[in-house]
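Engineer: Starting off with a structure, shown below.
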Amino acid sequence: MSLRSLFGRTATAPVDDAILTVRVDGNTVATIRAGDVPCEVQPHVQIDSGATIAFEDSAGAVHRHDLSVGSGWLHLSVRVHPNFGCQADAVVTARSDHPPGTPLGDGDTGIRFQPFFLAEAPAAPDLSGCGLFARGLHFGGQVTPGDILLSCECDVCGKAFIARSFHAGFADVAYFYSASGRYTLTVDAALEGAPAPLSEPDPAAVSVLEARLPPAPDGTRFAYHNPFRCPHCNAPYIDFAAQPTQRPGEYYALYFPDTPPIRFDAASAHFASE
Ligand SMILES: [Zn+2]
């Protein structure tokens with residue numbers, strides 16, 4: 001008799017021998033064992049609004065994501081790679097079927113979960129404060145549609161939060177986060193001093209532009225090296241002060257769904273100050 005059967009299995013305990021158990025609103029929808037790897041599972045689940053998805057590894061670590069989506073069908077794709085890295089994404093639709101690769105339709109929501117390593121991974125890099133590419137939330141050479149939500153996981157408090165992103169290069173803008181980490185501001189990439197994506201800006205010119213920028217609605221200042229912060233504990237999530245070399249290449253900007261980016265209109269600001 002195993003210890004587990006002796007003591008009974010709690011509702012949240014991993015399934016026997018599972019290296020990953022996936023639950024939606026507390027119900028197990030997928031179980032992956034070491035012998036399954038590499039693999040992909042694609043459970044489809046009907047959900048009420050505000051579903052919670054939990055990924056639990058064999059050590060009991062839980063990556064929990066609360067989705068602010070409406071009711072419908074959740075079509076999950078969970079991949080475990082040979083290095084025991086786990087990637088997952090999902091589409092929420094009104095339909096019970098969603099063949100893989102089907103483009104998102106009106107009313108559909110795509111969600112990408114922050115990848116993570118399972119307990120069996122021989123080496124898991126420390127990605128604290130790293131950018132979206134390092135975290136596997138965006139991929140170089142692939143353009144992510146803007147209607148995909150990113151479910152990020154704070155390095156400090158461990159709670160997940162939903163963010164949206166946009167490709168600053170394609171939008172022809174440079175972006176700044178407020179010191180509070182709550183607001184995102186964009187400026188025309190051609191504006192003098194604008195730190196255009198994938199360029200090494202002149203620090204002095206950036207400072208001049210920063211001084212021209214209006215404060216965020218909460219009174220904090222926008223600056224090129226401000227971090228994007230966890231909305232739960234305020235810790236830096238993308239920490240450009242600690243990872244300055246990542247800044248020029250971080251050409252996807254983040255914002256919170258209820259706080260769309262603010263556009264800095266240099267022309268009207270100029271005339272307003274005349
Ligand atoms: Zn946090």
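Residue numbering restarts at 1 for every chain of the structure tokens, chains are lettered A, B, ... in their displayed order, and ligands are numbered from 1 as they appear.
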Based on DSSP run over this structure's backbone, return all residues of region 68-195 of chain A in helix (DSSP H, G or I), as number ranges by chain.

Structural biologist: A: 132-135, 168-171

Engineer: Kindly work out which residues sit at most 10 Å from ligand 1, using only C-alpha atoms and all ligand atoms, and give the list as a ChimeraX atom specification.

Structural biologist: /A:153-161,229-237

Engineer: Store the residues of this selection in a file with C-alpha atoms, as a compact mmCIF listing (two decimals), in the first residue's frame.

Structural biologist:
```
# COMPACT_ATOMS: atom_id res chain seq x y z
CA GLU A 153 2.98 34.78 -13.73
CA CYS A 154 4.70 37.08 -11.25
CA ASP A 155 8.21 35.97 -10.23
CA VAL A 156 7.72 37.30 -6.70
CA CYS A 157 4.16 36.63 -5.53
CA GLY A 158 3.47 33.81 -7.97
CA LYS A 159 0.04 35.12 -8.91
CA ALA A 160 -1.02 35.27 -12.53
CA PHE A 161 -2.38 38.32 -14.29
CA ARG A 229 4.90 45.60 -12.84
CA CYS A 230 2.81 42.86 -11.30
CA PRO A 231 -0.62 44.33 -10.51
CA HIS A 232 -0.88 42.17 -7.37
CA CYS A 233 2.37 42.91 -5.51
CA ASN A 234 3.90 45.71 -7.63
CA ALA A 235 7.17 43.83 -8.13
CA PRO A 236 8.88 44.41 -11.48
CA TYR A 237 7.75 41.81 -13.98
```

Engineer: Give me the residues near region 84-97 of chain A as a list in words, where near means some atom within 6 Å (using only C-alpha atoms) and where sequence neighbours in that chain fewer than 2 positions away do not count.

Structural biologist: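 Once the adjacent positions are removed, what remains is Gly72, Trp73, Leu74, His75, Leu76, Ser77, Val78, Arg79, Val80, His81, Pro82, Asp108, Thr109, Gly110, Ile111, Arg112, Phe113, Pro115, Phe116, Phe117, Leu118 and Ala121 of chain A.
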
Engineer: Out of A:Thr220, A:Ser58, A:Asn226, A:Thr144, which residue has the shortest atom-to-atom distance to Thr31 (chain A) when counting only C-alpha atoms?

Structural biologist: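 Looking only at the distances to Thr31 (chain A), the closest residue turns out to be A:Ser58.
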
Engineer: In Å, rounded to a single decimal, give me how far CA of Asp17 (chain A) is from CA of Ile32 (chain A).

Structural biologist: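 Separation between CA of Ile32 (chain A) and CA of Asp17 (chain A): 8.6 Å.
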
Engineer: Go through A:Asn27, A:Thr21, A:Thr245, A:Gln42 and flag the residue nearest Ala59 (chain A), using only C-alpha atoms for the distances.

Structural biologist: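 Once distances to Ala59 (chain A) are computed over only C-alpha atoms, the minimum belongs to A:Thr21.
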
Engineer: Mind the document's chain letters and residue numbers, and return as number ranges by chain the residues of region 89-267 of chain A that DSSP labels strand (DSSP E).

Structural biologist: A: 89-93, 109-117, 148-153, 160-167, 173-178, 184-188, 222-223, 228-229, 236-238, 252-255, 262-263

Engineer: With distances taken over only C-alpha atoms, which residue among A:Pro100, A:Ile238, A:Pro203, A:Phe139 lies nearest Glu40 (chain A)?

Structural biologist: A:Pro100

Engineer: What is the distance, in Å and to one decimal place, between CA of Gln114 (chain A) and CA of Leu254 (chain A)?

Structural biologist: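 Spanning CA of Gln114 (chain A) to CA of Leu254 (chain A) is a straight-line distance of 14.0 Å.
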
Engineer: Could you tell me how far CA of Ala266 (chain A) lies from CA of Gln246 (chain A), in Å and to one decimal?

Structural biologist: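 Atom-to-atom, CA of Ala266 (chain A) to CA of Gln246 (chain A), that is 26.6 Å.
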
Engineer: Ranking A:Ala124, A:Ile148, A:Val143, A:Ile19 by minimum distance to Ile162 (chain A) and counting only C-alpha atoms, which one comes first?

Structural biologist: A:Ile148
